[in-house]
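*Asks:* Just data02.pdb, nothing more (PDB, C-alpha atoms and all ligand atoms):
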ATOM      1  CA  MET A   1      45.101  17.048  61.966
ATOM      2  CA  LEU A   2      48.442  18.421  60.822
ATOM      3  CA  ASN A   3      50.067  15.330  62.298
ATOM      4  CA  ASN A   4      48.136  13.105  59.918
ATOM      5  CA  PHE A   5      48.850  15.351  56.984
ATOM      6  CA  PRO A   6      52.124  17.102  57.676
ATOM      7  CA  LEU A   7      52.843  20.094  55.475
ATOM      8  CA  TRP A   8      56.580  19.780  56.065
ATOM      9  CA  PRO A   9      59.019  17.331  57.637
ATOM     10  CA  GLU A  10      59.474  17.052  61.369
ATOM     11  CA  GLN A  11      61.596  19.798  62.928
ATOM     12  CA  ALA A  12      64.493  17.919  64.520
ATOM     13  CA  SER A  13      67.380  20.376  64.519
ATOM     14  CA  THR A  14      68.060  23.845  65.873
ATOM     15  CA  LEU A  15      68.032  25.143  62.327
ATOM     16  CA  ALA A  16      64.677  23.673  61.340
ATOM     17  CA  HIS A  17      62.379  26.274  62.867
ATOM     18  CA  ARG A  18      64.553  29.127  61.536
ATOM     19  CA  VAL A  19      64.307  27.821  57.985
ATOM     20  CA  ASP A  20      60.587  27.184  58.398
ATOM     21  CA  ALA A  21      59.909  30.632  59.820
ATOM     22  CA  LEU A  22      61.558  32.283  56.833
ATOM     23  CA  TYR A  23      59.741  29.947  54.480
ATOM     24  CA  ILE A  24      56.369  30.672  56.069
ATOM     25  CA  PHE A  25      57.074  34.406  55.870
ATOM     26  CA  LEU A  26      57.820  34.084  52.129
ATOM     27  CA  LEU A  27      54.639  32.058  51.614
ATOM     28  CA  VAL A  28      52.510  34.589  53.475
ATOM     29  CA  ILE A  29      53.997  37.560  51.585
ATOM     30  CA  THR A  30      53.721  35.966  48.145
ATOM     31  CA  GLY A  31      50.307  34.463  48.937
ATOM     32  CA  THR A  32      48.968  37.835  50.105
ATOM     33  CA  MET A  33      50.280  39.614  47.016
ATOM     34  CA  ALA A  34      48.916  36.944  44.671
ATOM     35  CA  LEU A  35      45.517  37.180  46.362
ATOM     36  CA  LEU A  36      45.559  40.982  46.175
ATOM     37  CA  VAL A  37      46.445  40.987  42.460
ATOM     38  CA  CYS A  38      43.788  38.371  41.607
ATOM     39  CA  THR A  39      41.137  40.213  43.594
ATOM     40  CA  LEU A  40      41.917  43.530  41.929
ATOM     41  CA  VAL A  41      41.949  41.976  38.455
ATOM     42  CA  ILE A  42      38.465  40.574  39.013
ATOM     43  CA  PHE A  43      37.189  43.717  40.740
ATOM     44  CA  PHE A  44      38.463  46.075  38.043
ATOM     45  CA  ALA A  45      37.221  43.782  35.267
ATOM     46  CA  ALA A  46      33.722  44.026  36.710
ATOM     47  CA  ARG A  47      33.896  47.679  37.776
ATOM     48  CA  PHE A  48      35.273  49.031  34.486
ATOM     49  CA  ARG A  49      33.589  46.647  32.087
ATOM     50  CA  HIS A  50      32.475  47.925  28.708
ATOM     51  CA  ARG A  51      29.118  49.669  28.818
ATOM     52  CA  PRO A  52      27.259  51.265  25.916
ATOM     53  CA  GLY A  53      27.786  55.005  25.700
ATOM     54  CA  VAL A  54      30.708  55.101  28.180
ATOM     55  CA  ARG A  55      34.196  55.867  26.809
ATOM     56  CA  ALA A  56      37.437  55.229  28.658
ATOM     57  CA  GLU A  57      39.336  58.382  29.493
ATOM     58  CA  GLN A  58      43.119  58.682  29.638
ATOM     59  CA  ILE A  59      44.565  59.549  33.072
ATOM     60  CA  GLU A  60      48.086  60.533  34.088
ATOM     61  CA  GLY A  61      50.069  58.415  36.556
ATOM     62  CA  SER A  62      50.289  59.095  40.283
ATOM     63  CA  ASP A  63      53.720  59.832  41.813
ATOM     64  CA  ALA A  64      52.532  59.094  45.337
ATOM     65  CA  LEU A  65      51.131  55.726  44.313
ATOM     66  CA  GLU A  66      54.249  54.756  42.342
ATOM     67  CA  ILE A  67      56.635  55.714  45.139
ATOM     68  CA  THR A  68      54.533  53.780  47.642
ATOM     69  CA  TRP A  69      54.502  50.582  45.618
ATOM     70  CA  SER A  70      58.250  50.855  45.018
ATOM     71  CA  VAL A  71      59.453  51.749  48.505
ATOM     72  CA  ILE A  72      57.318  49.315  50.522
ATOM     73  CA  PRO A  73      58.420  46.265  48.476
ATOM     74  CA  LEU A  74      62.026  47.491  48.715
ATOM     75  CA  PHE A  75      61.883  47.275  52.505
ATOM     76  CA  ILE A  76      60.174  43.887  52.366
ATOM     77  CA  PHE A  77      62.807  42.526  49.968
ATOM     78  CA  MET A  78      65.653  43.903  52.075
ATOM     79  CA  ALA A  79      64.121  42.271  55.151
ATOM     80  CA  ILE A  80      63.946  38.940  53.283
ATOM     81  CA  PHE A  81      67.566  39.373  52.163
ATOM     82  CA  VAL A  82      68.911  40.141  55.638
ATOM     83  CA  TRP A  83      66.833  37.428  57.276
ATOM     84  CA  GLY A  84      67.933  34.897  54.637
ATOM     85  CA  ALA A  85      71.572  35.908  55.025
ATOM     86  CA  VAL A  86      71.434  35.463  58.799
ATOM     87  CA  VAL A  87      69.963  31.963  58.441
ATOM     88  CA  TYR A  88      72.400  31.144  55.634
ATOM     89  CA  PHE A  89      75.528  32.131  57.553
ATOM     90  CA  ARG A  90      74.310  30.271  60.596
ATOM     91  CA  GLU A  91      73.789  27.183  58.458
ATOM     92  CA  ARG A  92      77.177  27.530  56.734
ATOM     93  CA  THR A  93      79.283  28.075  59.863
ATOM     94  CA  PRO A  94      79.909  24.955  61.946
ATOM     95  CA  PRO A  95      80.579  25.753  65.622
ATOM     96  CA  ALA A  96      84.258  25.346  66.495
ATOM     97  CA  ASP A  97      83.961  22.411  68.892
ATOM     98  CA  SER A  98      81.653  20.245  66.776
ATOM     99  CA  THR A  99      81.871  16.485  66.795
ATOM    100  CA  GLU A 100      83.428  15.572  63.445
ATOM    101  CA  VAL A 101      82.210  12.887  61.092
ATOM    102  CA  TYR A 102      83.717  12.079  57.699
ATOM    103  CA  VAL A 103      81.393  11.111  54.864
ATOM    104  CA  VAL A 104      82.497   9.496  51.613
ATOM    105  CA  ALA A 105      79.837   9.243  48.925
ATOM    106  CA  LYS A 106      79.993   6.823  46.012
ATOM    107  CA  GLN A 107      77.562   5.359  43.534
ATOM    108  CA  TRP A 108      75.358   4.484  45.362
ATOM    109  CA  MET A 109      76.028   4.570  49.058
ATOM    110  CA  TRP A 110      77.113   6.751  51.937
ATOM    111  CA  LYS A 111      80.193   5.658  53.864
ATOM    112  CA  VAL A 112      80.565   7.252  57.251
ATOM    113  CA  GLU A 113      83.655   7.400  59.458
ATOM    114  CA  HIS A 114      83.424   8.834  62.959
ATOM    115  CA  ALA A 115      86.413  10.558  64.522
ATOM    116  CA  GLU A 116      86.201   7.877  67.238
ATOM    117  CA  GLY A 117      86.758   5.241  64.562
ATOM    118  CA  GLN A 118      83.252   3.851  64.086
ATOM    119  CA  ARG A 119      82.372   3.121  60.483
ATOM    120  CA  GLU A 120      78.938   2.644  59.014
ATOM    121  CA  ILE A 121      77.182   2.564  55.662
ATOM    122  CA  ASN A 122      73.941   4.403  54.856
ATOM    123  CA  GLU A 123      73.508   5.129  58.541
ATOM    124  CA  LEU A 124      74.725   7.938  60.718
ATOM    125  CA  HIS A 125      74.468   7.654  64.491
ATOM    126  CA  VAL A 126      74.714  10.955  66.328
ATOM    127  CA  PRO A 127      73.994  12.159  69.843
ATOM    128  CA  VAL A 128      71.100  14.502  70.542
ATOM    129  CA  GLY A 129      71.965  18.019  71.695
ATOM    130  CA  ARG A 130      75.450  18.223  70.233
ATOM    131  CA  ASP A 131      76.905  20.080  67.247
ATOM    132  CA  VAL A 132      77.913  17.629  64.529
ATOM    133  CA  LYS A 133      80.059  18.650  61.575
ATOM    134  CA  LEU A 134      80.106  16.493  58.451
ATOM    135  CA  ILE A 135      83.265  16.632  56.335
ATOM    136  CA  MET A 136      82.246  15.151  53.040
ATOM    137  CA  THR A 137      83.769  14.076  49.753
ATOM    138  CA  SER A 138      82.815  11.857  46.832
ATOM    139  CA  GLN A 139      84.682   9.005  45.175
ATOM    140  CA  ASP A 140      83.003   9.523  41.813
ATOM    141  CA  VAL A 141      80.272  11.988  40.829
ATOM    142  CA  ILE A 142      78.414  14.786  42.567
ATOM    143  CA  HIS A 143      76.010  13.674  45.276
ATOM    144  CA  SER A 144      74.106  15.720  47.825
ATOM    145  CA  PHE A 145      73.680  14.935  51.514
ATOM    146  CA  TYR A 146      70.133  15.894  52.428
ATOM    147  CA  ILE A 147      68.407  15.526  55.802
ATOM    148  CA  PRO A 148      64.942  17.098  55.501
ATOM    149  CA  ALA A 149      64.197  16.899  59.242
ATOM    150  CA  PHE A 150      67.292  19.001  59.906
ATOM    151  CA  ARG A 151      66.680  21.353  56.925
ATOM    152  CA  ILE A 152      70.214  20.874  55.624
ATOM    153  CA  LYS A 153      71.425  19.896  52.183
ATOM    154  CA  GLN A 154      74.928  20.139  50.785
ATOM    155  CA  ASP A 155      76.477  18.922  47.539
ATOM    156  CA  VAL A 156      79.210  16.328  47.978
ATOM    157  CA  LEU A 157      81.916  16.760  45.354
ATOM    158  CA  PRO A 158      84.763  14.606  44.093
ATOM    159  CA  GLY A 159      88.222  16.047  44.672
ATOM    160  CA  ARG A 160      87.443  18.310  47.599
ATOM    161  CA  TYR A 161      85.688  18.523  50.928
ATOM    162  CA  THR A 162      82.399  20.228  51.553
ATOM    163  CA  VAL A 163      81.010  20.716  55.020
ATOM    164  CA  GLU A 164      77.622  20.885  56.675
ATOM    165  CA  TRP A 165      76.576  20.763  60.313
ATOM    166  CA  PHE A 166      73.539  20.282  62.523
ATOM    167  CA  HIS A 167      72.470  20.174  66.124
ATOM    168  CA  ALA A 168      69.810  17.492  66.549
ATOM    169  CA  THR A 169      67.125  18.317  69.078
ATOM    170  CA  LYS A 170      65.041  15.116  69.211
ATOM    171  CA  PRO A 171      66.043  11.460  69.412
ATOM    172  CA  GLY A 172      64.633   9.453  66.546
ATOM    173  CA  VAL A 173      65.354   8.071  63.103
ATOM    174  CA  TYR A 174      65.301  10.498  60.194
ATOM    175  CA  HIS A 175      65.550  10.157  56.438
ATOM    176  CA  LEU A 176      68.792  10.722  54.592
ATOM    177  CA  PHE A 177      68.497  11.310  50.858
ATOM    178  CA  CYS A 178      70.886  11.884  48.004
ATOM    179  CA  ALA A 179      69.518  15.047  46.427
ATOM    180  CA  GLU A 180      71.643  15.211  43.297
ATOM    181  CA  TYR A 181      70.943  12.947  40.342
ATOM    182  CA  CYS A 182      73.983  10.661  40.328
ATOM    183  CA  GLY A 183      73.143   7.730  38.054
ATOM    184  CA  THR A 184      70.681   4.891  37.676
ATOM    185  CA  GLN A 185      70.340   4.053  41.367
ATOM    186  CA  HIS A 186      70.293   7.640  42.623
ATOM    187  CA  SER A 187      66.829   7.157  44.092
ATOM    188  CA  GLY A 188      68.111   4.214  46.123
ATOM    189  CA  MET A 189      70.946   6.226  47.653
ATOM    190  CA  VAL A 190      69.122   6.729  50.925
ATOM    191  CA  GLY A 191      69.821   6.070  54.549
ATOM    192  CA  SER A 192      68.958   6.832  58.145
ATOM    193  CA  ILE A 193      70.127   9.377  60.635
ATOM    194  CA  VAL A 194      69.824   7.822  64.078
ATOM    195  CA  VAL A 195      69.726  10.455  66.814
ATOM    196  CA  MET A 196      70.430   8.874  70.195
ATOM    197  CA  GLU A 197      70.433   9.940  73.827
ATOM    198  CA  PRO A 198      73.995  10.871  74.856
ATOM    199  CA  ALA A 199      74.494   7.836  77.141
ATOM    200  CA  GLN A 200      73.165   5.494  74.479
ATOM    201  CA  TYR A 201      75.420   7.145  71.930
ATOM    202  CA  GLU A 202      78.505   6.826  74.139
ATOM    203  CA  ALA A 203      77.806   3.117  74.462
ATOM    204  CA  TRP A 204      77.376   2.803  70.721
ATOM    205  CA  VAL A 205      80.488   4.743  69.788
ATOM    206  CA  SER A 206      82.758   3.059  72.320
ATOM    207  CA  GLY A 207      81.969  -0.437  71.080
ATOM    208  CA  ASN A 208      84.580  -0.013  68.391
ATOM    209  CA  PRO A 209      87.605  -2.207  67.803
ATOM    210  CA  SER A 210      89.627  -0.098  65.377
ATOM    211  CA  GLY A 211      90.325   2.940  67.555
ATOM    212  CA  PRO A 212      90.062   6.608  66.660
ATOM    213  CA  LEU A 213      90.404   7.771  63.082
ATOM    214  CA  SER A 214      93.478   9.789  64.001
ATOM    215  CA  VAL A 215      95.222   6.637  65.252
ATOM    216  CA  SER A 216      94.537   4.829  61.965
ATOM    217  CA  GLY A 217      95.824   7.986  60.316
ATOM    218  CA  GLU A 218      99.032   7.897  62.310
ATOM    219  CA  LYS A 219      99.611   4.331  61.135
ATOM    220  CA  THR A 220      98.953   5.290  57.511
ATOM    221  CA  PHE A 221     101.224   8.312  57.951
ATOM    222  CA  ALA A 222     104.077   6.020  58.982
ATOM    223  CA  GLU A 223     103.331   3.326  56.384
ATOM    224  CA  LEU A 224     103.377   5.802  53.516
ATOM    225  CA  GLY A 225     106.667   7.227  54.744
ATOM    226  CA  CYS A 226     105.215  10.679  55.428
ATOM    227  CA  SER A 227     106.877  10.658  58.823
ATOM    228  CA  THR A 228     110.393  10.576  57.367
ATOM    229  CA  CYS A 229     110.025  14.088  55.923
ATOM    230  CA  HIS A 230     107.320  15.632  58.106
ATOM    231  CA  ARG A 231     109.077  15.464  61.434
ATOM    232  CA  PRO A 232     108.057  17.214  64.616
ATOM    233  CA  ASP A 233     111.632  18.391  65.313
ATOM    234  CA  MET A 234     111.878  20.811  62.344
ATOM    235  CA  GLN A 235     114.745  18.734  60.897
ATOM    236  CA  GLY A 236     112.628  17.172  58.168
ATOM    237  CA  ARG A 237     112.576  17.987  54.475
ATOM    238  CA  GLY A 238     108.897  18.756  54.722
ATOM    239  CA  PRO A 239     107.047  21.207  56.943
ATOM    240  CA  ASN A 240     106.459  20.273  60.537
ATOM    241  CA  LEU A 241     102.773  19.430  60.817
ATOM    242  CA  GLN A 242     102.393  19.928  64.564
ATOM    243  CA  GLY A 243      99.564  22.339  65.192
ATOM    244  CA  VAL A 244      99.365  23.349  61.535
ATOM    245  CA  TYR A 245      95.618  22.752  61.273
ATOM    246  CA  GLY A 246      93.661  25.975  61.236
ATOM    247  CA  LYS A 247      96.777  28.139  61.060
ATOM    248  CA  SER A 248      97.710  30.383  58.178
ATOM    249  CA  VAL A 249     100.517  29.090  55.990
ATOM    250  CA  GLN A 250     102.844  31.163  53.818
ATOM    251  CA  LEU A 251     103.191  29.764  50.321
ATOM    252  CA  GLU A 252     106.151  29.782  47.953
ATOM    253  CA  ASP A 253     104.282  32.118  45.585
ATOM    254  CA  GLY A 254     103.725  34.694  48.299
ATOM    255  CA  ARG A 255     100.114  33.897  49.024
ATOM    256  CA  THR A 256      98.805  32.815  52.396
ATOM    257  CA  VAL A 257      96.289  30.051  52.940
ATOM    258  CA  THR A 258      94.528  28.669  55.965
ATOM    259  CA  ALA A 259      95.464  25.052  56.579
ATOM    260  CA  ASP A 260      91.921  23.682  56.612
ATOM    261  CA  GLU A 261      90.778  20.205  55.641
ATOM    262  CA  ASN A 262      90.717  21.076  51.949
ATOM    263  CA  TYR A 263      94.261  22.435  51.990
ATOM    264  CA  LEU A 264      95.605  19.364  53.802
ATOM    265  CA  ARG A 265      93.810  17.145  51.304
ATOM    266  CA  GLU A 266      95.204  19.091  48.380
ATOM    267  CA  CYS A 267      98.742  18.860  49.760
ATOM    268  CA  ILE A 268      98.456  15.066  49.831
ATOM    269  CA  LEU A 269      97.060  14.738  46.315
ATOM    270  CA  ASP A 270      98.706  17.678  44.578
ATOM    271  CA  PRO A 271     101.631  18.787  46.730
ATOM    272  CA  GLY A 272     103.102  21.067  44.092
ATOM    273  CA  SER A 273     100.114  23.327  43.622
ATOM    274  CA  ARG A 274     100.258  25.345  46.834
ATOM    275  CA  ARG A 275     103.663  24.580  48.299
ATOM    276  CA  VAL A 276     104.747  25.917  51.686
ATOM    277  CA  LYS A 277     107.350  28.659  51.465
ATOM    278  CA  GLY A 278     110.939  27.531  51.823
ATOM    279  CA  TYR A 279     110.463  23.874  50.920
ATOM    280  CA  GLN A 280     111.668  22.091  47.780
ATOM    281  CA  PRO A 281     109.073  20.545  45.441
ATOM    282  CA  ILE A 282     110.191  17.037  46.320
ATOM    283  CA  MET A 283     106.989  15.563  47.673
ATOM    284  CA  PRO A 284     105.395  13.037  45.301
ATOM    285  CA  THR A 285     101.675  13.039  44.719
ATOM    286  CA  PHE A 286      99.656  10.402  46.487
ATOM    287  CA  GLN A 287      96.873  10.616  43.899
ATOM    288  CA  GLY A 288      95.685   7.074  43.215
ATOM    289  CA  LEU A 289      97.829   5.656  46.018
ATOM    290  CA  VAL A 290      95.487   6.480  48.865
ATOM    291  CA  THR A 291      91.751   5.975  49.152
ATOM    292  CA  ASP A 292      89.412   8.743  50.235
ATOM    293  CA  GLU A 293      89.069   6.946  53.553
ATOM    294  CA  GLN A 294      92.853   7.015  54.026
ATOM    295  CA  ILE A 295      92.954  10.710  53.174
ATOM    296  CA  ASN A 296      90.282  11.297  55.822
ATOM    297  CA  GLU A 297      92.396   9.345  58.333
ATOM    298  CA  LEU A 298      95.481  11.371  57.448
ATOM    299  CA  VAL A 299      93.583  14.642  57.738
ATOM    300  CA  ALA A 300      92.118  13.531  61.083
ATOM    301  CA  TYR A 301      95.625  12.620  62.254
ATOM    302  CA  ILE A 302      97.157  15.945  61.210
ATOM    303  CA  LYS A 303      94.291  17.775  62.895
ATOM    304  CA  SER A 304      94.920  15.807  66.074
ATOM    305  CA  LEU A 305      98.547  16.928  66.238
ATOM    306  CA  GLY A 306      98.960  19.490  68.969
ATOM    307  CA  ASP A 307     100.964  22.652  68.689
ATOM    308  CA  ASN A 308     104.451  22.056  70.080
ATOM    309  CA  GLN A 309     105.682  25.333  68.627
ATOM    310  CA  SER A 310     103.789  27.799  70.715
ATOM    311  CA  GLY A 311     103.536  31.143  69.013
ATOM    312  CA  ALA A 312     104.476  29.788  65.596
ATOM    313  CA  LYS A 313     101.645  31.215  63.560
ATOM    314  CA  THR A 314     103.077  30.310  60.196
ATOM    315  CA  THR A 315     104.888  27.292  58.902
ATOM    316  CA  THR A 316     107.792  28.372  56.754
ATOM    317  CA  ARG A 317     111.384  27.381  56.431
ATOM    318  CA  ALA A 318     112.349  30.975  57.136
ATOM    319  CA  ALA A 319     110.444  30.952  60.391
ATOM    320  CA  SER A 320     112.069  27.743  61.512
ATOM    321  CA  GLN A 321     115.526  29.011  60.575
ATOM    322  CA  LEU A 322     114.950  32.030  62.758
ATOM    323  CA  SER A 323     114.424  29.686  65.631
ATOM    324  CA  GLY A 324     117.907  28.386  64.819
ATOM    325  CA  ASN A 325     117.336  24.667  64.613
ATOM    326  CA  ALA A 326     116.377  23.920  61.049
ATOM    327  CA  GLN A 327     118.618  22.572  58.335
ATOM    328  CA  PRO A 328     117.492  20.449  55.422
ATOM    329  CA  SER A 329     118.150  16.737  55.789
ATOM    330  CA  GLY A 330     121.434  16.375  57.566
ATOM    331  CA  ASN A 331     123.774  18.568  55.545
ATOM    332  CA  GLN A 332     124.610  20.823  58.455
ATOM    333  CA  VAL A 333     126.203  24.088  57.441
ATOM    334  CA  GLN A 334     128.586  25.394  60.050
TER     335      GLN A 334
HETATM  336 CU1  LIG B 401      74.079  10.104  44.957
HETATM  337 CU2  LIG B 401      72.160  10.916  43.843
END
Please express the file's structure as structure tokens.
Ligand code: CUA
*Replies:*
Amino acid sequence: MLNNFPLWPEQASTLAHRVDALYIFLLVITGTMALLVCTLVIFFAARFRHRPGVRAEQIEGSDALEITWSVIPLFIFMAIFVWGAVVYFRERTPPADSTEVYVVAKQWMWKVEHAEGQREINELHVPVGRDVKLIMTSQDVIHSFYIPAFRIKQDVLPGRYTVEWFHATKPGVYHLFCAEYCGTQHSGMVGSIVVMEPAQYEAWVSGNPSGPLSVSGEKTFAELGCSTCHRPDMQGRGPNLQGVYGKSVQLEDGRTVTADENYLRECILDPGSRRVKGYQPIMPTFQGLVTDEQINELVAYIKSLGDNQSGAKTTTRAASQLSGNAQPSGNQVQ
């Protein structure tokens, strides 16, 4: 009967039953309390109704009663808080070895780029039983990437990356909605998530002429001239990008940042804002010169670069000078 009249969407990810369990718990708690209050209101209204010759008498409060109805809800609320936090952090923390997919939103479509190089619009093909991380940005306004069957929803913002992840548990086709009002055709900004068996998915993803995203990124990296300054041999005018992804980076202003996708993106578009320690502010901005897709390619390329500087935890000019082989652009000092 529930299949003909489903109360909630299909559960098709590892997160779905966790979200639902918490939701059902909240419904039961609030439903029970609402029922209790309504019942007592009616009962007391009947029990203590006005009768001729009977006068209401004033009574003092009851400490025991007041403590009970304060302490019990406190424990219930704390349980809801802890439970919610556990589910939240699980939902917000993509597993380290997730398959990565880049999503670019625009009025009014979803553009998807797989790390393997496949591109699609308003469709996302993923394998069942694998962790998939979506790295998302918008070309214009705020959108929101919402897959009810997976119980995930995340705003997609212009100018930065946001991330969400899932682990699909059932092959099938699921709804994708934009869940943030984004203009006249917002309601048409929908698509499909196609969850495939692994073998089927491998066949789908390998039928791809353009090659991995990181390879396109390497080409773009060379075409834009990035490779003349960011050299792997530490002789460049810009930081060596080998293995920089995920590491902590010392900045000129003394702060330290983690070189995540957002930092790499920011360095391309606004290189002056959080400059690596020891480097001159000579890098031009690429704002307006590269598309969001190209930025994704560049980020995928930089992430693909291995670490040829084992043990180098930070990327700074000082660190490279200690290793004795770094001088800016050819003017060797003896
Ligand atoms: Cu995009 Cu609503």
*Asks:* Determine the residue membership of the PyMOL selection byres (((not hetatm)) within 10 of (chain B and resi 401)) for the file above and supply it as a VMD selection string.
*Replies:* chain A and resid 105 to 110 138 140 to 145 155 to 156 177 to 190
*Asks:* So which residues get picked by the PyMOL selection byres (((chain A and resi 222-231) around 12) and not hetatm) here, written as a PyMOL selection string?
*Replies:* chain A and resi 215-221+232-242+244+267-268+279-280+282-286+289-290+294-295+298+301-302+305+308+315+326+328-330
*Asks:* Take CA of Val103 (chain A) and CA of Ile135 (chain A) and report the distance between them in Å, one decimal.
*Replies:*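 Pair CA of Val103 (chain A) / CA of Ile135 (chain A) returns 6.0 Å.
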*Asks:* Find the spatial neighbours of region 85-98 of chain A, counting all atoms listed in the file, within a cut-off of 9 Å - ignore same-chain residues fewer than 5 positions away - and output them as a compact mmCIF listing (two decimals) with C-alpha atoms, in the frame of the given file.
*Replies:*
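Result file out20.txt:
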# COMPACT_ATOMS: atom_id res chain seq x y z
CA LEU A 15 68.03 25.14 62.33
CA ARG A 18 64.55 29.13 61.54
CA VAL A 19 64.31 27.82 57.98
CA LEU A 22 61.56 32.28 56.83
CA ILE A 80 63.95 38.94 53.28
CA ARG A 130 75.45 18.22 70.23
CA ASP A 131 76.90 20.08 67.25
CA VAL A 132 77.91 17.63 64.53
CA LYS A 133 80.06 18.65 61.58
CA ILE A 152 70.21 20.87 55.62
CA VAL A 163 81.01 20.72 55.02
CA GLU A 164 77.62 20.88 56.68
CA TRP A 165 76.58 20.76 60.31
CA PHE A 166 73.54 20.28 62.52
*Asks:* Padding of 5 Å on every side, edges along x, y and z, all listed atoms of region 38-50 of chain A included: what centre and edge lengths in Å, to one decimal, does that box have, as lines of an AutoDock Vina configuration file?
*Replies:*
center_x = 38.1
center_y = 43.7
center_z = 36.2
size_x = 21.3
size_y = 20.7
size_z = 24.9
*Asks:* Which residue gives the smallest distance to Gly84 (chain A) among A:Leu26, A:Val54, A:Val41, A:Leu65, with all atoms listed in the file counted?
*Replies:*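 Selected residue with least distance to Gly84 (chain A): A:Leu26.
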*Asks:* I'd like the residues picked by the PyMOL selection byres (((chain A and resi 168) around 7) and not hetatm) written out as a ChimeraX atom specification, using the chain letters and numbers from the file.
*Replies:* /A:12-14,128-130,166-167,169-170
*Asks:* Would you mind telling me which residue in A:Trp8, A:Tyr174, A:Tyr23, A:Phe48 lies nearest to Asn122 (chain A) when using only C-alpha atoms?
*Replies:*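 Of all the options, A:Tyr174 lies closest to Asn122 (chain A).
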*Asks:* Could you tell me how far CA of Leu7 (chain A) lies from CA of Arg151 (chain A), in Å and to one decimal?
*Replies:* 14.0 Å
*Asks:* What is the distance between CA of Lys277 (chain A) and CA of Tyr245 (chain A), in Å to one decimal?
*Replies:*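 So the answer is 16.4 Å.
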*Asks:* Hey, could you patch up region 15-28 of chain A with N, CA and C atoms and hand it over as a CSV table (one decimal), in the coordinates of the input?
*Replies:*
chain,number,residue,atom,x,y,z
A,15,LEU,N,68.2,24.3,63.5
A,15,LEU,CA,68.0,25.1,62.3
A,15,LEU,C,66.6,25.1,61.8
A,16,ALA,N,65.9,24.0,62.0
A,16,ALA,CA,64.7,23.7,61.3
A,16,ALA,C,63.7,24.8,61.5
A,17,HIS,N,63.4,25.3,62.7
A,17,HIS,CA,62.4,26.3,62.9
A,17,HIS,C,62.8,27.6,62.3
A,18,ARG,N,64.1,27.9,62.2
A,18,ARG,CA,64.6,29.1,61.5
A,18,ARG,C,64.3,29.1,60.0
A,19,VAL,N,64.6,28.0,59.4
A,19,VAL,CA,64.3,27.8,58.0
A,19,VAL,C,62.8,27.9,57.7
A,20,ASP,N,62.0,27.2,58.6
A,20,ASP,CA,60.6,27.2,58.4
A,20,ASP,C,60.0,28.6,58.6
A,21,ALA,N,60.5,29.3,59.6
A,21,ALA,CA,59.9,30.6,59.8
A,21,ALA,C,60.1,31.5,58.6
A,22,LEU,N,61.3,31.5,58.0
A,22,LEU,CA,61.6,32.3,56.8
A,22,LEU,C,60.7,31.8,55.7
A,23,TYR,N,60.5,30.5,55.6
A,23,TYR,CA,59.7,29.9,54.5
A,23,TYR,C,58.3,30.3,54.6
A,24,ILE,N,57.8,30.3,55.8
A,24,ILE,CA,56.4,30.7,56.1
A,24,ILE,C,56.2,32.2,55.8
A,25,PHE,N,57.1,33.0,56.2
A,25,PHE,CA,57.1,34.4,55.9
A,25,PHE,C,57.0,34.6,54.4
A,26,LEU,N,57.8,33.9,53.6
A,26,LEU,CA,57.8,34.1,52.1
A,26,LEU,C,56.5,33.7,51.6
A,27,LEU,N,55.9,32.5,52.1
A,27,LEU,CA,54.6,32.1,51.6
A,27,LEU,C,53.5,33.1,51.9
A,28,VAL,N,53.6,33.6,53.1
A,28,VAL,CA,52.5,34.6,53.5
A,28,VAL,C,52.6,35.8,52.6
